[in-house]
Amino acid sequence: MKILFATSEAHPLAKTGGLADVSGALPAALRQIGADVRVLLPGYPSVLDRVKRLTRIFNIDLPVHGETALLCGVMPDSEVPLYIIEHAGYYGREGLYQDKAGKDWPDNAQRFGLLSQFAAWLAGPQTPLDFHPDVLHCNDWQTGLAPAYLHFGKPPRTPSIFTVHNLAYQGIFPQDTFDLLGLPPESFSMHGVEYFGKLSFLKAGLFYATRLTTVSPTYAREIQTEAFGMGMQGLLYARKDVLHGILNGIDTVEWNPSRDKYLDATYSADNLAGKALDKLAIQDELGLERNPNAPLLGMVSRLTLQKGSDVVIETAPRLVELGAQIVVLGNGDAALETAWQNLAAAHQGKIAVHIGYNEGLSHRIEAGSDLFLMPSRFEPCGLNQMYSLRYGTPPVVHNVGGLADTVVHASLGNLSQGTATGFVVDVLDATTLFETIRRAFVLYKHKLAWRQLVRTGMAQDFSWENSAREYLDVYQTAIKA
Ligand code: ADP
Ligand code: GLC
């Protein structure tokens, strides 16, 4: 099976969120089970810097886009083969989608139109390469036009898979950008790429791809409803027979508390001594009071409304009154960043906030915390709750999407059956969140029961192998279709 995997970010080359983790790990897992997967990626500076064995394949002067080149190389560590689009005018800047101030780049339609166009070209019958993919796997709006290009391109049409990692980002642009992108005028319709008079990259993917997937079974059901569909519920419901929910895995090499290079002390389910040291270390590192007994709540996330950190902010002062400490790593909305910074200033030694993106610190927070907070309003899959389970840090989550599919609530029944792994709130508001965390603290004081909860979480298998096999099945179905 030959697969071209098109994505706008891939760890460890370029990352803003979970899409990068998936694009780094899934192709590697697919290769492990025998598939020939190659990844197509824009040549941002961080990509050009870090790719191994970078070689130029060809240069081309394209209408609209101009001078463009295709390079190849391999992914550091996993050695997954890469194709990289070099276009200094489009990708030669810091910031994948936005400038430093958080404003979307004004030419994103052209930047990701080019990525989509290359994906369709390299996967289609006119590819200039000697790699002839059986399927094209696209991810999120940035590659959403590719299934449309394939649809209107020369036959035979290579089947395409479009994976929704997050419906909240839709790639919507004014109609005049459509005219630049070389799709036939008839595609600008309700049954096509048009969305309320504008061009929607996301809708193009949802409409034209042979098969759709999203990153958890629960999110696959949720997005067919008005509450979670972000305007796309009608189309998703209409295509529900070709929509599959496949839970993400995690990179169990990168996220392994017994071999984690970022930690002061490593540990395992059988010997948790290192975890206690990591807690003291993170308290020291972030200027919290050194206290092994204060329950430490950790949070690592993009600071957006999706992640529910506004609800945590509302709850935080009462949690501190209960004796808790809170550590937050994240960046995003300026208002949320400021709110967190103000809280930290008002509760020195109890709340520590690090605004920014920091790989190592995210590992140390996962390891050093006692509980991990992830009360997202919606969560297609979510990776951090799985990292925290593996790091023996029971997560507190909202009963939605992938969070619902990966965390088992510490009810009395689940605790006595030994299946509980964390805390699940059915309603997301400050009162419910506070009550749930307060009950978690009660359990935290019962060392034996807590250890059982921690160990059950650490024993969960979230490796990619099973999910990779499910993707292979979807590719097969798409080829047959
Ligand atoms: P999303 O993709 O919606 O942001 P996920 O939970 O799927 O959510 O993935 C988020 C990924 O990004 C995780 O690997 C997480 O550790 C990482 N991450 C998010 N914010 C930061 C940050 N400020 N510093 C380091 N890593 C971060
Ligand atoms: C998105 C989602 C997140 C998911 C990630 C990878 O960014 O918000 O829930 O885990 O993509 O699929």
# chains A, B, ... in the order shown; residues from 1 in each chain; ligands from 1
call {"tool": "residues_near_ligand", "arguments": {"ligand": "ligand 2", "cutoff": "7 Å", "atoms": "only C-alpha atoms and all ligand atoms", "output": "list in words"}}
result
Gly17, Gly18, Leu19, Asp21, Val22, His165, Asn166, Val215, Asn248, Glu379, Pro380, Cys381, Gly382, Leu383 and Gly402 of chain A
call {"tool": "select_by_dssp", "arguments": {"residues": "region 53-179 of chain A", "states": "strand (DSSP E)", "output": "VMD selection string"}}
result
chain A and resid 53 to 62 66 to 74 81 to 86 135 to 139 160 to 164 172 to 173
call {"tool": "write_last_selection", "arguments": {"atoms": "N, CA, C and O atoms", "output": "compact mmCIF listing (two decimals), in the first residue's frame"}}
result
# COMPACT_ATOMS: atom_id res chain seq x y z
N ARG A 53 19.13 14.55 5.21
CA ARG A 53 19.39 14.19 3.80
C ARG A 53 18.50 14.96 2.81
O ARG A 53 17.88 14.39 1.91
N LEU A 54 18.46 16.27 3.01
CA LEU A 54 17.64 17.14 2.17
C LEU A 54 18.22 17.20 0.75
O LEU A 54 19.38 17.51 0.56
N THR A 55 17.39 16.92 -0.26
CA THR A 55 17.83 16.93 -1.67
C THR A 55 16.76 17.58 -2.53
O THR A 55 15.58 17.41 -2.29
N ARG A 56 17.23 18.30 -3.55
CA ARG A 56 16.27 18.95 -4.46
C ARG A 56 15.82 17.96 -5.53
O ARG A 56 16.63 17.25 -6.12
N ILE A 57 14.50 17.88 -5.78
CA ILE A 57 14.02 17.01 -6.87
C ILE A 57 13.82 17.83 -8.14
O ILE A 57 14.28 17.47 -9.20
N PHE A 58 13.07 18.95 -8.04
CA PHE A 58 12.93 19.81 -9.22
C PHE A 58 12.50 21.22 -8.81
O PHE A 58 12.00 21.44 -7.71
N ASN A 59 12.67 22.14 -9.73
CA ASN A 59 12.13 23.50 -9.59
C ASN A 59 11.04 23.67 -10.64
O ASN A 59 11.12 23.09 -11.72
N ILE A 60 10.06 24.49 -10.31
CA ILE A 60 8.99 24.72 -11.29
C ILE A 60 8.45 26.14 -11.10
O ILE A 60 8.41 26.64 -9.97
N ASP A 61 8.08 26.75 -12.21
CA ASP A 61 7.48 28.09 -12.13
C ASP A 61 5.98 27.93 -12.35
O ASP A 61 5.54 27.58 -13.44
N LEU A 62 5.19 28.15 -11.31
CA LEU A 62 3.75 27.86 -11.38
C LEU A 62 2.95 29.13 -11.62
O LEU A 62 3.30 30.19 -11.09
N GLY A 66 4.17 31.08 -8.66
CA GLY A 66 5.54 31.43 -9.04
C GLY A 66 6.55 30.34 -8.72
O GLY A 66 6.21 29.15 -8.65
N GLU A 67 7.82 30.77 -8.49
CA GLU A 67 8.94 29.84 -8.28
C GLU A 67 8.68 28.91 -7.10
O GLU A 67 8.52 29.36 -5.96
N THR A 68 8.68 27.62 -7.36
CA THR A 68 8.44 26.63 -6.31
C THR A 68 9.39 25.47 -6.55
O THR A 68 9.75 25.21 -7.70
N ALA A 69 9.78 24.79 -5.48
CA ALA A 69 10.63 23.62 -5.68
C ALA A 69 10.12 22.46 -4.84
O ALA A 69 9.46 22.67 -3.81
N LEU A 70 10.40 21.25 -5.30
CA LEU A 70 10.10 20.08 -4.47
C LEU A 70 11.40 19.47 -4.00
O LEU A 70 12.31 19.21 -4.79
N LEU A 71 11.50 19.28 -2.69
CA LEU A 71 12.68 18.68 -2.09
C LEU A 71 12.27 17.35 -1.47
O LEU A 71 11.08 17.10 -1.24
N CYS A 72 13.26 16.51 -1.20
CA CYS A 72 12.93 15.32 -0.41
C CYS A 72 13.96 15.17 0.69
O CYS A 72 15.01 15.81 0.68
N GLY A 73 13.63 14.33 1.65
CA GLY A 73 14.52 14.11 2.79
C GLY A 73 13.89 13.07 3.67
O GLY A 73 12.93 12.40 3.26
N VAL A 74 14.40 12.93 4.90
CA VAL A 74 13.75 12.01 5.83
C VAL A 74 13.57 12.69 7.18
O VAL A 74 14.31 13.59 7.55
N PRO A 81 10.10 8.94 4.94
CA PRO A 81 10.45 9.78 3.79
C PRO A 81 9.54 11.01 3.68
O PRO A 81 8.35 10.93 3.94
N LEU A 82 10.15 12.12 3.30
CA LEU A 82 9.41 13.38 3.24
C LEU A 82 9.53 14.01 1.86
O LEU A 82 10.58 13.93 1.23
N TYR A 83 8.44 14.65 1.43
CA TYR A 83 8.50 15.59 0.32
C TYR A 83 8.22 16.97 0.89
O TYR A 83 7.28 17.14 1.69
N ILE A 84 9.02 17.92 0.50
CA ILE A 84 8.89 19.26 1.08
C ILE A 84 8.75 20.29 -0.03
O ILE A 84 9.53 20.30 -0.98
N ILE A 85 7.73 21.13 0.11
CA ILE A 85 7.53 22.19 -0.89
C ILE A 85 8.33 23.41 -0.45
O ILE A 85 8.09 23.95 0.63
N GLU A 86 9.26 23.81 -1.29
CA GLU A 86 10.05 25.00 -0.96
C GLU A 86 9.47 26.18 -1.72
O GLU A 86 9.35 26.15 -2.95
N VAL A 135 -3.47 5.92 -2.31
CA VAL A 135 -4.40 6.86 -1.68
C VAL A 135 -3.66 8.12 -1.25
O VAL A 135 -2.46 8.10 -0.97
N LEU A 136 -4.45 9.20 -1.16
CA LEU A 136 -3.94 10.45 -0.61
C LEU A 136 -4.64 10.66 0.74
O LEU A 136 -5.87 10.62 0.80
N HIS A 137 -3.86 10.86 1.79
CA HIS A 137 -4.44 11.11 3.11
C HIS A 137 -4.23 12.59 3.47
O HIS A 137 -3.10 13.03 3.65
N CYS A 138 -5.34 13.34 3.56
CA CYS A 138 -5.27 14.77 3.86
C CYS A 138 -5.68 15.03 5.31
O CYS A 138 -6.47 14.27 5.88
N ASN A 139 -5.19 16.12 5.86
CA ASN A 139 -5.44 16.42 7.27
C ASN A 139 -5.83 17.88 7.46
O ASN A 139 -5.05 18.78 7.17
N SER A 160 -9.16 9.59 -1.94
CA SER A 160 -8.60 10.44 -0.89
C SER A 160 -9.32 10.22 0.44
O SER A 160 -10.51 9.91 0.47
N ILE A 161 -8.56 10.38 1.49
CA ILE A 161 -9.08 10.33 2.86
C ILE A 161 -8.90 11.73 3.42
O ILE A 161 -7.82 12.31 3.28
N PHE A 162 -9.93 12.24 4.06
CA PHE A 162 -9.78 13.55 4.71
C PHE A 162 -10.04 13.36 6.20
O PHE A 162 -11.11 12.91 6.60
N THR A 163 -9.04 13.68 7.01
CA THR A 163 -9.17 13.53 8.46
C THR A 163 -9.43 14.88 9.12
O THR A 163 -8.68 15.83 8.90
N VAL A 164 -10.50 14.93 9.90
CA VAL A 164 -10.83 16.13 10.66
C VAL A 164 -10.17 16.02 12.04
O VAL A 164 -10.52 15.16 12.83
N ILE A 172 -11.63 29.58 5.85
CA ILE A 172 -12.65 30.29 5.08
C ILE A 172 -12.06 31.59 4.52
O ILE A 172 -11.45 32.36 5.26
N PHE A 173 -12.24 31.80 3.21
CA PHE A 173 -11.63 32.94 2.52
C PHE A 173 -12.64 33.59 1.59
O PHE A 173 -13.57 32.93 1.14
call {"tool": "closest_residue", "arguments": {"among": "A:Glu359, A:Asp426, A:Glu222, A:Glu186", "to": "ligand 1", "atoms": "only C-alpha atoms and all ligand atoms"}}
result
A:Glu359
call {"tool": "closest_residue", "arguments": {"among": "A:Ile3, A:Ile365, A:Ala334, A:Val424", "to": "ligand 1", "atoms": "only C-alpha atoms and all ligand atoms"}}
result
A:Ile365
call {"tool": "residues_near_ligand", "arguments": {"ligand": "ligand 1", "cutoff": "10 Å", "atoms": "only C-alpha atoms and all ligand atoms", "output": "PyMOL selection string"}}
result
chain A and resi 11+15-22+165-166+168+215+248+250-251+255+299-304+306-307+328-332+354-363+365-366+374+376+378-388+402-403
